[in-house]
file my_file13.txt (compact mmCIF, C-alpha atoms)
# COMPACT_ATOMS: atom_id res chain seq x y z
CA MET U 8 95.24 65.30 76.37
CA LYS U 9 95.65 65.64 80.16
CA LYS U 10 98.52 68.07 79.67
CA LEU U 11 96.42 70.10 77.23
CA VAL U 12 93.53 70.26 79.71
CA LEU U 13 95.95 71.34 82.45
CA VAL U 14 97.30 74.15 80.26
CA PHE U 15 93.76 75.42 79.61
CA VAL U 16 92.93 75.24 83.34
CA LEU U 17 96.05 77.22 84.24
CA MET U 18 95.37 79.84 81.57
CA PHE U 19 91.76 80.16 82.70
CA SER U 20 92.67 80.47 86.40
CA GLN U 21 95.31 83.12 85.64
CA SER U 22 92.85 85.15 83.58
CA ILE U 23 90.32 84.97 86.42
CA PHE U 24 92.93 86.18 88.94
CA ALA U 25 94.03 89.02 86.62
CA GLN U 26 90.43 90.07 86.08
CA THR U 27 89.69 89.91 89.80
CA ALA U 28 92.70 92.08 90.62
CA LYS U 29 91.53 94.67 88.10
CA GLU U 30 87.99 94.55 89.48
CA ILE U 31 89.23 95.09 93.04
CA ILE U 32 91.36 98.07 92.03
CA ASP U 33 88.50 99.52 89.96
CA LYS U 34 86.14 99.06 92.92
CA ASN U 35 88.56 100.84 95.25
CA ILE U 36 88.83 103.81 92.87
CA GLU U 37 85.06 103.91 92.37
CA LEU U 38 84.10 103.73 96.06
CA SER U 39 86.84 106.12 97.20
CA GLY U 40 85.62 108.90 94.92
CA GLY U 41 85.80 107.85 91.28
CA LEU U 42 88.53 108.13 88.66
CA THR U 43 87.41 111.57 87.44
CA ASN U 44 87.54 113.12 90.91
CA TRP U 45 90.96 111.61 91.63
CA LYS U 46 92.30 113.03 88.37
CA LEU U 47 90.84 116.46 89.22
CA LEU U 48 92.86 116.46 92.45
CA ASN U 49 95.79 118.85 91.99
CA SER U 50 97.00 119.62 95.50
CA VAL U 51 96.70 118.32 99.05
CA LEU U 52 97.57 119.84 102.43
CA LEU U 53 97.62 117.39 105.35
CA GLN U 54 97.72 118.74 108.91
CA GLY U 55 97.92 116.84 112.17
CA LYS U 56 100.57 115.32 114.37
CA VAL U 57 103.20 112.64 114.05
CA ILE U 58 104.17 110.35 116.92
CA LEU U 59 107.71 108.98 116.92
CA GLY U 60 108.55 106.26 119.39
CA VAL U 61 106.57 106.40 122.64
CA LYS U 62 106.58 110.06 123.65
CA ASP U 63 107.96 112.19 120.82
CA GLU U 64 105.02 114.02 119.25
CA TYR U 65 105.14 116.91 116.78
CA PRO U 66 102.62 118.93 114.76
CA ILE U 67 103.07 118.15 111.06
CA LYS U 68 102.10 119.66 107.71
CA ILE U 69 102.53 117.93 104.36
CA TYR U 70 102.14 119.87 101.11
CA GLN U 71 101.71 117.90 97.88
CA GLN U 72 101.09 119.15 94.35
CA ARG U 73 101.08 117.68 90.87
CA PRO U 74 103.11 116.22 89.32
CA ASN U 75 105.42 115.29 92.23
CA LEU U 76 106.10 118.37 94.37
CA THR U 77 106.13 117.73 98.10
CA LYS U 78 107.25 119.31 101.36
CA THR U 79 106.97 117.98 104.91
CA LEU U 80 107.21 120.35 107.87
CA ILE U 81 107.22 119.52 111.57
CA THR U 82 106.87 122.11 114.31
CA ILE U 83 109.69 122.13 116.87
CA ASN U 84 109.63 124.69 119.69
CA GLY U 85 106.97 126.66 117.82
CA LYS U 86 108.97 126.81 114.58
CA ASP U 87 108.09 125.02 111.32
CA THR U 88 111.08 122.96 110.18
CA ALA U 89 111.33 121.30 106.76
CA VAL U 90 112.38 117.65 107.07
CA GLU U 91 111.84 116.32 103.55
CA GLY U 92 110.64 117.30 100.11
CA TYR U 93 111.08 117.63 96.37
CA ASN U 94 110.95 120.96 94.50
CA GLY U 95 110.64 119.59 90.98
CA THR U 96 114.36 119.21 90.31
CA LYS U 97 116.04 118.38 93.62
CA GLY U 98 115.19 116.30 96.66
CA TYR U 99 115.94 117.20 100.25
CA ALA U 100 115.86 115.39 103.58
CA MET U 101 116.95 116.11 107.12
CA ASN U 102 120.35 114.73 108.09
CA TYR U 103 119.76 114.02 111.76
CA ALA U 104 123.48 113.48 112.41
CA THR U 105 124.17 117.12 111.54
CA ASN U 106 120.61 118.34 112.23
CA LYS U 107 120.58 120.10 108.86
CA LEU U 108 118.51 119.80 105.70
CA GLN U 109 120.59 118.17 102.98
CA GLU U 110 120.25 117.88 99.22
CA TYR U 111 120.07 114.30 97.92
CA PRO U 112 120.96 114.03 94.18
CA GLU U 113 119.49 110.51 93.97
CA TYR U 114 116.20 111.43 95.66
CA VAL U 115 113.35 109.71 93.81
CA PRO U 116 110.03 111.58 94.24
CA GLU U 117 106.81 109.63 94.49
CA SER U 118 104.06 110.22 91.95
CA PHE U 119 101.25 112.50 93.12
CA ASP U 120 98.69 109.84 92.18
CA ASN U 121 98.73 106.49 93.92
CA ASP U 122 99.80 103.45 91.91
CA PHE U 123 96.19 102.40 91.23
CA ILE U 124 95.35 105.38 89.02
CA ASP U 125 96.04 104.27 85.41
CA TRP U 126 98.12 101.38 86.75
CA GLU U 127 98.06 99.56 83.42
CA ASN U 128 99.35 102.59 81.50
CA LYS U 129 102.13 102.97 84.09
CA GLY U 130 103.40 99.50 83.24
CA PHE U 131 102.21 97.64 86.33
CA GLU U 132 101.02 94.05 86.35
CA ALA U 133 98.31 93.16 88.88
CA LYS U 134 97.82 89.75 90.46
CA TYR U 135 95.10 88.62 92.85
CA LEU U 136 96.51 86.52 95.70
CA GLY U 137 93.32 85.59 97.56
CA LYS U 138 92.05 86.77 100.94
CA GLU U 139 93.93 87.41 104.13
CA LYS U 140 92.96 88.74 107.53
CA ILE U 141 94.29 91.97 109.01
CA GLY U 142 93.14 91.94 112.61
CA ASN U 143 89.48 90.97 112.38
CA ILE U 144 89.00 92.24 108.83
CA TYR U 145 89.13 90.05 105.74
CA CYS U 146 91.03 91.67 102.91
CA HIS U 147 91.58 91.08 99.20
CA LYS U 148 95.32 90.76 98.61
CA VAL U 149 96.61 92.29 95.37
CA GLU U 150 100.20 92.42 94.14
CA LEU U 151 101.36 95.16 91.77
CA THR U 152 104.61 94.48 89.96
CA LYS U 153 106.72 96.78 87.79
CA ASN U 154 110.14 95.57 86.67
CA VAL U 155 111.65 94.04 89.83
CA ASN U 156 109.57 96.10 92.26
CA LYS U 157 106.66 94.39 93.99
CA ASN U 158 104.16 96.04 96.32
CA MET U 159 101.38 94.25 98.17
CA TYR U 160 97.99 95.86 98.84
CA TYR U 161 95.22 94.73 101.17
CA PHE U 162 91.66 95.94 100.48
CA ASP U 163 88.78 95.55 102.93
CA THR U 164 86.45 92.97 101.33
CA ARG U 165 83.42 94.95 102.52
CA THR U 166 84.35 98.59 101.78
CA TYR U 167 87.22 98.07 99.30
CA MET U 168 89.23 100.74 101.13
CA LEU U 169 92.99 100.18 101.24
CA LEU U 170 94.02 98.99 104.72
CA ARG U 171 97.64 98.00 104.21
CA GLU U 172 100.46 98.62 101.74
CA VAL U 173 103.63 96.54 101.96
CA LYS U 174 106.70 97.91 100.21
CA LYS U 175 110.24 96.55 100.16
CA ASP U 176 111.33 98.21 103.41
CA GLU U 177 108.11 99.63 104.82
CA THR U 178 104.59 98.61 105.78
CA LEU U 179 101.88 101.29 105.86
CA ASP U 180 98.53 100.78 107.59
CA TYR U 181 95.63 103.10 106.68
CA SER U 182 92.49 103.64 108.75
CA ASP U 183 89.92 106.20 109.95
CA TYR U 184 88.68 107.01 106.44
CA LYS U 185 86.67 110.21 106.06
CA LYS U 186 85.17 112.16 103.18
CA VAL U 187 87.19 115.11 101.88
CA GLY U 188 85.04 116.68 99.21
CA ASN U 189 84.12 113.75 96.98
CA LEU U 190 87.11 111.64 98.02
CA SER U 191 87.62 109.17 100.87
CA MET U 192 90.99 109.58 102.57
CA PRO U 193 92.65 107.95 105.59
CA PHE U 194 93.14 110.14 108.66
CA ARG U 195 95.44 107.66 110.41
CA ILE U 196 98.62 106.30 108.83
CA GLU U 197 100.97 103.98 110.67
CA SER U 198 104.39 103.09 109.31
CA SER U 199 106.67 100.27 110.39
CA SER U 200 109.95 99.18 108.86
CA THR U 201 112.99 97.01 109.41
CA LYS U 202 114.67 100.16 110.75
CA LYS U 203 112.64 100.55 113.93
CA ASP U 204 113.86 104.11 114.48
CA GLY U 205 111.84 105.09 111.39
CA ASP U 206 108.47 103.89 112.75
CA TYR U 207 105.75 106.50 113.18
CA VAL U 208 102.03 107.09 113.57
CA MET U 209 100.46 110.05 111.77
CA LEU U 210 97.12 111.33 113.04
CA ILE U 211 95.58 113.78 110.61
CA ASN U 212 92.97 116.26 111.80
CA ARG U 213 92.52 118.25 108.59
CA ILE U 214 92.94 117.71 104.86
CA ASP U 215 92.53 120.55 102.34
CA ILE U 216 92.37 119.71 98.65
CA ASN U 217 92.95 121.80 95.53
CA LYS U 218 94.31 124.79 97.45
CA VAL U 219 96.49 127.24 95.55
CA PHE U 220 99.81 127.27 97.39
CA PRO U 221 102.19 130.25 97.49
CA ALA U 222 104.72 130.13 94.66
CA ASN U 223 107.64 129.65 97.08
CA ILE U 224 106.08 126.93 99.23
CA PHE U 225 108.27 124.20 97.69
CA LYS U 226 111.53 126.11 98.01
CA PHE U 227 114.16 124.81 100.42

call {"tool": "encode", "arguments": {"input": "my_file13.txt", "output": "structure tokens"}}
result
Amino acid sequence: MKKLVLVFVLMFSQSIFAQTAKEIIDKNIELSGGLTNWKLLNSVLLQGKVILGVKDEYPIKIYQQRPNLTKTLITINGKDTAVEGYNGTKGYAMNYATNKLQEYPEYVPESFDNDFIDWENKGFEAKYLGKEKIGNIYCHKVELTKNVNKNMYYFDTRTYMLLREVKKDETLDYSDYKKVGNLSMPFRIESSSTKKDGDYVMLINRIDINKVFPANIFKF
């Protein structure tokens, strides 16, 4: 009988955690603009500056368009230079050893939507892992798992905005949320990784959504 009771308790607690994880994700989508508005988003242009190390600072532009097109440009000596992107069939990234843009056959583009949009249909499992502090802010901690890949997400318990995303080799911190149309987006993104030479801070001063880009914008 005790074992049976324990089984029911475990099943009940797991269902509560699963439901809570779903509720937190749903709340984030709702308070950041709503599922309909996120699905109506077709393109994004981010403009600002990226800070590498202590002193290296460059203007940056990031073009993104459904389903997975992307192009990142930094301005060096007044000239826009492509450093990474995906044109729909091939991925490219800057080879800093040769200082040339190089095609990468195994480049895996990220989805235009974040993982939270239709996460269940994408095959993710969500698990609520309790609360944890980031600085002085209490956050809900949610784990999304798909196959062997696990990402951790930290949502402000008060606003439900995403404050931190922990991937296998990278941690991203999001802050300075502002309204862009009907959507709330972070204007500061800080990345840290095990490879310290890849750390950066991106300070965004402008975000344009649903712009029609020139047909050749994603060519490399």

call {"tool": "atom_distance", "arguments": {"input": "my_file13.txt", "atom1": "CA of Lys134 in chain U", "atom2": "CA of Arg165 in chain U"}}
result
19.5 Å

call {"tool": "closest_residue", "arguments": {"input": "my_file13.txt", "among": "U:Ser118, U:Asn35, U:Asn156, U:Thr79", "to": "Met101 in chain U", "atoms": "only C-alpha atoms"}}
result
U:Thr79

call {"tool": "closest_residue", "arguments": {"input": "my_file13.txt", "among": "U:Ile196, U:Val51, U:Leu169, U:Ile31", "to": "Phe220 in chain U", "atoms": "only C-alpha atoms"}}
result
U:Val51

call {"tool": "axis_aligned_box", "arguments": {"input": "my_file13.txt", "around": "range 152-162 of chain U", "padding_each_side": "8 Å", "output": "AutoDock Vina command-line options"}}
result
--center_x 101.7 --center_y 95.4 --center_z 93.9 --size_x 36.0 --size_y 18.7 --size_z 30.5

call {"tool": "closest_residue", "arguments": {"input": "my_file13.txt", "among": "U:Thr201, U:Asn128, U:Asn49, U:Ser182", "to": "Phe162 in chain U", "atoms": "all atoms listed in the file"}}
result
U:Ser182

call {"tool": "closest_residue", "arguments": {"input": "my_file13.txt", "among": "U:Phe131, U:Trp126, U:Tyr65, U:Tyr145", "to": "Ile81 in chain U", "atoms": "only C-alpha atoms"}}
result
U:Tyr65

call {"tool": "closest_residue", "arguments": {"input": "my_file13.txt", "among": "U:Glu113, U:Glu132, U:Glu30, U:Asp176", "to": "His147 in chain U", "atoms": "only C-alpha atoms"}}
result
U:Glu30

call {"tool": "closest_residue", "arguments": {"input": "my_file13.txt", "among": "U:Asn217, U:Ser39, U:Asn158, U:Thr82", "to": "Tyr184 in chain U", "atoms": "all atoms listed in the file"}}
result
U:Ser39

call {"tool": "atom_distance", "arguments": {"input": "my_file13.txt", "atom1": "CA of Phe119 in chain U", "atom2": "CA of Leu76 in chain U"}}
result
7.7 Å

call {"tool": "atom_distance", "arguments": {"input": "my_file13.txt", "atom1": "CA of Ile211 in chain U", "atom2": "CA of Arg195 in chain U"}}
result
6.1 Å

call {"tool": "residues_around", "arguments": {"input": "my_file13.txt", "residues": "Met209 in chain U", "least_positions_apart": "3", "cutoff": "12 Å", "atoms": "all atoms listed in the file", "output": "PyMOL selection string"}}
result
chain U and resi 53-60+63-69+81+179-183+193-199+206+212-213

call {"tool": "residues_around", "arguments": {"input": "my_file13.txt", "residues": "Thr96 in chain U", "least_positions_apart": "4", "cutoff": "10 Å", "atoms": "all atoms listed in the file", "output": "VMD selection string"}}
result
chain U and resid 75 to 76 112 114 116

call {"tool": "residues_around", "arguments": {"input": "my_file13.txt", "residues": "Gly142 in chain U", "least_positions_apart": "4", "cutoff": "12 Å", "atoms": "all atoms listed in the file", "output": "short mmCIF file (atom, residue, chain, number, x, y, z; two decimals) with C-alpha atoms, in the frame of the given file"}}
result
data_model
loop_
_atom_site.label_atom_id
_atom_site.label_comp_id
_atom_site.auth_asym_id
_atom_site.auth_seq_id
_atom_site.Cartn_x
_atom_site.Cartn_y
_atom_site.Cartn_z
CA CYS U 146 91.03 91.67 102.91
CA TYR U 161 95.22 94.73 101.17
CA ASP U 163 88.78 95.55 102.93
CA LEU U 170 94.02 98.99 104.72
CA ARG U 171 97.64 98.00 104.21
CA ASP U 180 98.53 100.78 107.59
#
